[in-house]
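The structure file coords32.cif is reproduced below (mmCIF, C-alpha atoms).
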data_run
#
loop_
_atom_site.group_PDB
_atom_site.id
_atom_site.type_symbol
_atom_site.label_atom_id
_atom_site.label_comp_id
_atom_site.auth_asym_id
_atom_site.auth_seq_id
_atom_site.Cartn_x
_atom_site.Cartn_y
_atom_site.Cartn_z
ATOM 1 C CA MET A 1 9.529 1.605 33.022
ATOM 2 C CA ALA A 2 9.440 1.665 29.227
ATOM 3 C CA THR A 3 6.991 -0.702 27.571
ATOM 4 C CA GLN A 4 8.132 -2.031 24.227
ATOM 5 C CA SER A 5 5.849 -3.019 21.433
ATOM 6 C CA PRO A 6 5.665 -6.781 20.902
ATOM 7 C CA PHE A 7 6.366 -6.033 17.253
ATOM 8 C CA SER A 8 9.847 -4.716 18.067
ATOM 9 C CA MET A 9 10.902 -8.131 19.384
ATOM 10 C CA PHE A 10 9.483 -9.837 16.286
ATOM 11 C CA GLU A 11 11.179 -7.300 14.034
ATOM 12 C CA GLY A 12 14.514 -7.904 15.784
ATOM 13 C CA PHE A 13 14.077 -11.628 15.230
ATOM 14 C CA LEU A 14 13.409 -11.079 11.519
ATOM 15 C CA LYS A 15 16.504 -8.869 11.154
ATOM 16 C CA ALA A 16 18.623 -11.650 12.676
ATOM 17 C CA LEU A 17 17.517 -14.108 9.974
ATOM 18 C CA PRO A 18 19.754 -14.461 6.922
ATOM 19 C CA THR A 19 18.655 -12.513 3.863
ATOM 20 C CA PRO A 20 16.625 -14.802 1.601
ATOM 21 C CA PRO A 21 17.769 -15.164 -2.011
ATOM 22 C CA ALA A 22 16.190 -12.844 -4.546
ATOM 23 C CA PRO A 23 13.189 -14.376 -6.315
ATOM 24 C CA PRO A 24 13.585 -15.151 -10.017
ATOM 25 C CA ALA A 25 12.803 -12.327 -12.432
ATOM 26 C CA TRP A 26 9.759 -14.135 -13.862
ATOM 27 C CA MET A 27 8.236 -14.391 -10.380
ATOM 28 C CA VAL A 28 8.768 -10.698 -9.683
ATOM 29 C CA GLU A 29 7.225 -9.738 -13.029
ATOM 30 C CA GLU A 30 4.241 -12.026 -12.495
ATOM 31 C CA SER A 31 3.622 -10.641 -8.995
ATOM 32 C CA HIS A 32 3.773 -7.111 -10.433
ATOM 33 C CA ARG A 33 1.188 -8.104 -13.043
ATOM 34 C CA ARG A 34 -1.116 -9.401 -10.289
ATOM 35 C CA VAL A 35 -0.761 -6.154 -8.339
ATOM 36 C CA VAL A 36 -1.604 -4.159 -11.488
ATOM 37 C CA LEU A 37 -4.714 -6.326 -12.006
ATOM 38 C CA LEU A 38 -5.821 -5.638 -8.420
ATOM 39 C CA LEU A 39 -5.156 -1.904 -8.721
ATOM 40 C CA ASN A 40 -7.107 -1.759 -11.994
ATOM 41 C CA HIS A 41 -9.992 -3.665 -10.412
ATOM 42 C CA VAL A 42 -10.126 -1.063 -7.646
ATOM 43 C CA LEU A 43 -9.771 1.855 -10.086
ATOM 44 C CA GLN A 44 -12.652 0.544 -12.226
ATOM 45 C CA GLN A 45 -14.968 0.913 -9.234
ATOM 46 C CA GLU A 46 -14.302 4.679 -9.205
ATOM 47 C CA PRO A 47 -14.954 6.452 -12.557
ATOM 48 C CA GLN A 48 -13.550 9.772 -11.317
ATOM 49 C CA ALA A 49 -10.248 8.064 -10.500
ATOM 50 C CA MET A 50 -10.076 6.652 -14.022
ATOM 51 C CA GLU A 51 -10.762 10.112 -15.485
ATOM 52 C CA ARG A 52 -7.963 11.631 -13.430
ATOM 53 C CA LEU A 53 -5.547 8.859 -14.375
ATOM 54 C CA ALA A 54 -6.496 9.088 -18.090
ATOM 55 C CA ARG A 55 -5.311 12.728 -18.058
ATOM 56 C CA GLN A 56 -1.877 11.392 -17.074
ATOM 57 C CA LYS A 57 -1.716 8.812 -19.901
ATOM 58 C CA GLY A 58 1.756 7.638 -20.807
ATOM 59 C CA LYS A 59 3.343 8.912 -17.601
ATOM 60 C CA VAL A 60 5.466 6.487 -15.632
ATOM 61 C CA VAL A 61 5.435 6.187 -11.829
ATOM 62 C CA VAL A 62 8.133 4.295 -9.953
ATOM 63 C CA SER A 63 7.548 3.221 -6.357
ATOM 64 C CA GLN A 64 10.553 2.110 -4.331
ATOM 65 C CA TRP A 65 11.062 0.585 -0.915
ATOM 66 C CA GLN A 66 14.481 -0.761 -0.019
ATOM 67 C CA GLN A 67 15.470 -3.067 -2.914
ATOM 68 C CA PHE A 68 11.889 -3.399 -4.227
ATOM 69 C CA THR A 69 10.853 -1.370 -7.265
ATOM 70 C CA PHE A 70 7.435 -1.215 -8.921
ATOM 71 C CA LYS A 71 7.082 0.695 -12.208
ATOM 72 C CA VAL A 72 3.688 1.420 -13.786
ATOM 73 C CA GLN A 73 2.378 3.594 -16.586
ATOM 74 C CA ALA A 74 -0.993 5.329 -16.898
ATOM 75 C CA THR A 75 -3.026 4.148 -19.883
ATOM 76 C CA PRO A 76 -5.407 6.223 -22.033
ATOM 77 C CA ALA A 77 -8.290 4.238 -20.469
ATOM 78 C CA GLY A 78 -7.401 5.575 -17.018
ATOM 79 C CA LEU A 79 -5.943 2.311 -15.785
ATOM 80 C CA LEU A 80 -2.409 1.116 -15.073
ATOM 81 C CA ASP A 81 -0.027 -1.119 -16.969
ATOM 82 C CA LEU A 82 3.487 -2.286 -16.220
ATOM 83 C CA ALA A 83 5.994 0.148 -17.653
ATOM 84 C CA ALA A 84 8.896 -1.019 -19.771
ATOM 85 C CA PRO A 85 11.981 -1.745 -17.669
ATOM 86 C CA ASP A 86 13.921 0.995 -19.473
ATOM 87 C CA ALA A 87 11.088 3.587 -19.264
ATOM 88 C CA ARG A 88 12.180 6.893 -17.750
ATOM 89 C CA PRO A 89 10.040 7.718 -14.698
ATOM 90 C CA ASP A 90 8.032 10.921 -14.604
ATOM 91 C CA LEU A 91 7.515 10.471 -10.862
ATOM 92 C CA THR A 92 9.500 8.556 -8.270
ATOM 93 C CA LEU A 93 7.976 7.726 -4.888
ATOM 94 C CA ALA A 94 10.538 6.314 -2.461
ATOM 95 C CA ILE A 95 9.263 5.083 0.902
ATOM 96 C CA LEU A 96 11.769 6.312 3.471
ATOM 97 C CA GLU A 97 10.811 4.070 6.381
ATOM 98 C CA GLU A 98 13.040 0.991 6.488
ATOM 99 C CA SER A 99 10.887 -1.043 8.869
ATOM 100 C CA LEU A 100 7.957 -2.927 7.389
ATOM 101 C CA PHE A 101 6.381 -2.967 10.850
ATOM 102 C CA ALA A 102 6.643 0.825 11.154
ATOM 103 C CA ILE A 103 4.956 1.173 7.763
ATOM 104 C CA ALA A 104 2.180 -1.221 8.805
ATOM 105 C CA GLN A 105 1.797 0.619 12.112
ATOM 106 C CA ALA A 106 1.445 3.978 10.333
ATOM 107 C CA LEU A 107 -1.146 2.517 7.961
ATOM 108 C CA MET A 108 -3.073 0.982 10.878
ATOM 109 C CA GLN A 109 -3.225 4.433 12.464
ATOM 110 C CA GLY A 110 -4.616 5.907 9.246
ATOM 111 C CA GLU A 111 -1.381 7.671 8.335
ATOM 112 C CA LYS A 112 0.735 7.474 5.214
ATOM 113 C CA PRO A 113 4.370 6.385 5.417
ATOM 114 C CA LYS A 114 7.010 9.053 4.848
ATOM 115 C CA VAL A 115 7.800 9.277 1.141
ATOM 116 C CA ARG A 116 10.433 11.146 -0.890
ATOM 117 C CA ILE A 117 8.794 12.523 -4.042
ATOM 118 C CA GLU A 118 10.783 13.419 -7.163
ATOM 119 C CA GLY A 119 9.398 14.483 -10.504
ATOM 120 C CA ASP A 120 6.094 15.673 -11.975
ATOM 121 C CA VAL A 121 4.203 17.678 -9.341
ATOM 122 C CA GLN A 122 0.808 17.368 -11.086
ATOM 123 C CA LEU A 123 1.181 13.595 -11.363
ATOM 124 C CA ALA A 124 2.165 13.460 -7.676
ATOM 125 C CA ALA A 125 -0.991 15.421 -6.803
ATOM 126 C CA GLU A 126 -3.144 12.970 -8.790
ATOM 127 C CA ILE A 127 -1.509 9.954 -7.116
ATOM 128 C CA ASN A 128 -2.083 11.591 -3.724
ATOM 129 C CA TRP A 129 -5.764 12.161 -4.620
ATOM 130 C CA LEU A 130 -6.074 8.493 -5.607
ATOM 131 C CA ALA A 131 -4.488 7.395 -2.321
ATOM 132 C CA ASP A 132 -6.863 9.628 -0.346
ATOM 133 C CA HIS A 133 -10.119 8.895 -2.194
ATOM 134 C CA VAL A 134 -10.058 5.463 -3.820
ATOM 135 C CA ARG A 135 -10.975 2.525 -1.595
ATOM 136 C CA TRP A 136 -11.458 -1.118 -2.446
ATOM 137 C CA ASP A 137 -15.009 -2.246 -1.708
ATOM 138 C CA VAL A 138 -13.976 -5.679 -0.458
ATOM 139 C CA GLU A 139 -17.460 -6.402 0.882
ATOM 140 C CA GLU A 140 -18.997 -5.949 -2.562
ATOM 141 C CA ASP A 141 -16.490 -8.352 -4.107
ATOM 142 C CA LEU A 142 -16.993 -10.894 -1.328
ATOM 143 C CA SER A 143 -20.767 -10.683 -1.702
ATOM 144 C CA ARG A 144 -20.434 -11.812 -5.320
ATOM 145 C CA ILE A 145 -18.712 -14.974 -4.086
ATOM 146 C CA LEU A 146 -20.315 -15.651 -0.689
ATOM 147 C CA GLY A 147 -23.599 -13.768 -0.829
ATOM 148 C CA ASP A 148 -24.598 -10.553 0.922
ATOM 149 C CA ALA A 149 -25.137 -11.767 4.500
ATOM 150 C CA PRO A 150 -21.918 -13.838 4.857
ATOM 151 C CA ALA A 151 -19.868 -11.083 3.214
ATOM 152 C CA HIS A 152 -21.315 -8.482 5.574
ATOM 153 C CA LEU A 153 -20.626 -10.677 8.619
ATOM 154 C CA LEU A 154 -17.075 -11.405 7.494
ATOM 155 C CA MET A 155 -16.351 -7.716 6.887
ATOM 156 C CA GLN A 156 -17.927 -6.694 10.200
ATOM 157 C CA THR A 157 -15.721 -9.223 11.996
ATOM 158 C CA GLY A 158 -12.675 -7.985 10.081
ATOM 159 C CA ARG A 159 -13.452 -4.354 10.972
ATOM 160 C CA THR A 160 -13.815 -5.280 14.647
ATOM 161 C CA LEU A 161 -10.468 -7.082 14.621
ATOM 162 C CA ALA A 162 -8.777 -4.230 12.762
ATOM 163 C CA GLN A 163 -10.198 -1.692 15.208
ATOM 164 C CA ALA A 164 -8.945 -3.733 18.166
ATOM 165 C CA LEU A 165 -5.505 -4.029 16.578
ATOM 166 C CA GLN A 166 -5.478 -0.311 15.809
ATOM 167 C CA GLN A 167 -6.305 0.514 19.436
ATOM 168 C CA PHE A 168 -3.618 -1.902 20.651
ATOM 169 C CA VAL A 169 -0.984 -0.372 18.371
ATOM 170 C CA GLY A 170 -2.071 3.146 19.339
ATOM 171 C CA LYS A 171 -1.824 2.362 23.051
ATOM 172 C CA ARG A 172 1.593 0.761 22.598
ATOM 173 C CA THR A 173 2.848 3.721 20.597
ATOM 174 C CA ALA A 174 1.505 6.222 23.136
ATOM 175 C CA SER A 175 3.038 4.356 26.091
ATOM 176 C CA ALA A 176 6.382 4.034 24.281
ATOM 177 C CA ASP A 177 6.352 7.774 23.462
ATOM 178 C CA THR A 178 5.487 8.631 27.065
ATOM 179 C CA ALA A 179 8.204 6.341 28.424
ATOM 180 C CA SER A 180 10.861 7.779 26.112
ATOM 181 C CA GLY A 181 9.755 11.332 26.942
ATOM 182 C CA THR A 182 10.055 10.779 30.708
ATOM 183 C CA ALA A 183 13.385 8.963 30.393
ATOM 184 C CA ALA A 184 15.001 11.878 28.528
#
Mind turning this structure into structure tokens?
Amino acid sequence: MATQSPFSMFEGFLKALPTPPAPPAWMVEESHRRVVLLLNHVLQQEPQAMERLARQKGKVVVSQWQQFTFKVQATPAGLLDLAAPDARPDLTLAILEESLFAIAQALMQGEKPKVRIEGDVQLAAEINWLADHVRWDVEEDLSRILGDAPAHLLMQTGRTLAQALQQFVGKRTASADTASGTAA
């Protein structure tokens, strides 16, 4: 008997909902600015990442998933800025997976989602290096707000929960793969 992931039922429910209206342009732009601020905060914690990105100054990267598009440009300081709406991309990264849950599941298993890459190969290699090597030190940021001990406890609890969720997702995926393999 095939065991389905509980996420598949939830995903089916979400697909049945009507498509929400598109957010206003100002809201999209402001959310993009917040994401750029977060990415720059993370990049500033890793000088080698900033050096690599500075070598790509002026180049534009477009990330796409379904109808969502995010366009950034490398600055001479090795950080990111929003690119002009009419800027021609040097690199386009299109996430091929349609399901948000499948993307989250892949990330929980330590994998990257499948991506179609078009454009500058060197820039793509640098972005791949950033994805592989740059990590946000959330505990350090939390310790500035909460103190060292509470931040450590909160992160330890979060890691335990994430590990349990990762094991749950892995078991569900393995049992679903086994069930589909024996049914064929």
Can you list, as a PDB file with C-alpha atoms, in the frame of the given file, the residues that the PyMOL selection byres ((chain A and resi 93) around 8) selects here?
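Writing done, so here's result34.pdb:
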ATOM      1  CA  VAL A  61       5.435   6.187 -11.829  1.00  0.00           C
ATOM      2  CA  VAL A  62       8.133   4.295  -9.953  1.00  0.00           C
ATOM      3  CA  SER A  63       7.548   3.221  -6.357  1.00  0.00           C
ATOM      4  CA  GLN A  64      10.553   2.110  -4.331  1.00  0.00           C
ATOM      5  CA  LEU A  91       7.515  10.471 -10.862  1.00  0.00           C
ATOM      6  CA  THR A  92       9.500   8.556  -8.270  1.00  0.00           C
ATOM      7  CA  ALA A  94      10.538   6.314  -2.461  1.00  0.00           C
ATOM      8  CA  ILE A  95       9.263   5.083   0.902  1.00  0.00           C
ATOM      9  CA  VAL A 115       7.800   9.277   1.141  1.00  0.00           C
ATOM     10  CA  ARG A 116      10.433  11.146  -0.890  1.00  0.00           C
ATOM     11  CA  ILE A 117       8.794  12.523  -4.042  1.00  0.00           C
ATOM     12  CA  GLU A 118      10.783  13.419  -7.163  1.00  0.00           C
TER      13      GLU A 118
END
- [ ] To verify the selection step, state as a list in words which residues the PyMOL selection byres ((chain A and resi 139-149) around 12) yields on this input.
- [x]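 Residues picked by the PyMOL selection byres ((chain A and resi 139-149) around 12): Leu38, His41, Val42, Gln45, Arg135, Trp136, Asp137, Val138, Pro150, Ala151, His152, Leu153, Leu154, Met155, Gln156, Thr157, Gly158 and Arg159 of chain A.
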TODO: Translate the PyMOL selection byres ((chain A and resi 74) around 6), as applied to the file shown, into an explicit residue set as a VMD selection string.
DONE: chain A and resid 57 to 59 73 75 79 to 80
Open item on the list: I'd like the interatomic distance between atom CA of A:Val60 and atom CA of A:Ala84, to a tenth of an Å.
Closed with: 9.2 Å
TODO: Point out the residue among A:Gln122, A:Arg33, A:Pro21, A:His133 with the least atom-to-atom distance to A:Asp81, counting only C-alpha atoms.
DONE: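 Looking only at the distances to A:Asp81, the closest residue turns out to be A:Arg33.
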Task: A:Gln105, A:Val134, A:Leu82, A:Asn128 ranked by distance to A:Gln167, top pick (using only C-alpha atoms) - done: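 Among A:Gln105, A:Val134, A:Leu82, A:Asn128, it is A:Gln105 that comes nearest to A:Gln167.
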Task: Of the listed residues A:Gly110, A:Pro23, A:Pro47, A:Pro18, that which approaches A:Phe68 most closely, counting only C-alpha atoms - done: A:Pro23
Open item on the list: Report, in Å with one decimal, the straight-line distance from atom CA of A:Gly78 to atom CA of A:Val36.
Closed with: 12.6 Å
TODO: Please measure the separation of atom CA of A:Trp26 and atom CA of A:Leu53, giving the value in Å to one decimal.
DONE: 27.6 Å
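Taking all atoms listed in the file into account, A:Ile103 lies nearest to A:Trp65 out of the set A:Trp65, A:Ser31, A:Phe168, A:Leu161.
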Open item on the list: Which residues are close to A:Glu111, i.e. within 12 Å by only C-alpha atoms, leaving aside same-chain residues fewer than 2 positions away? Reply as a list in words.
Closed with: Ala102, Ile103, Ala104, Gln105, Ala106, Leu107, Met108, Gln109, Pro113, Lys114, Val115, Ala131, Asp132, Gln166 and Gly170 of chain A
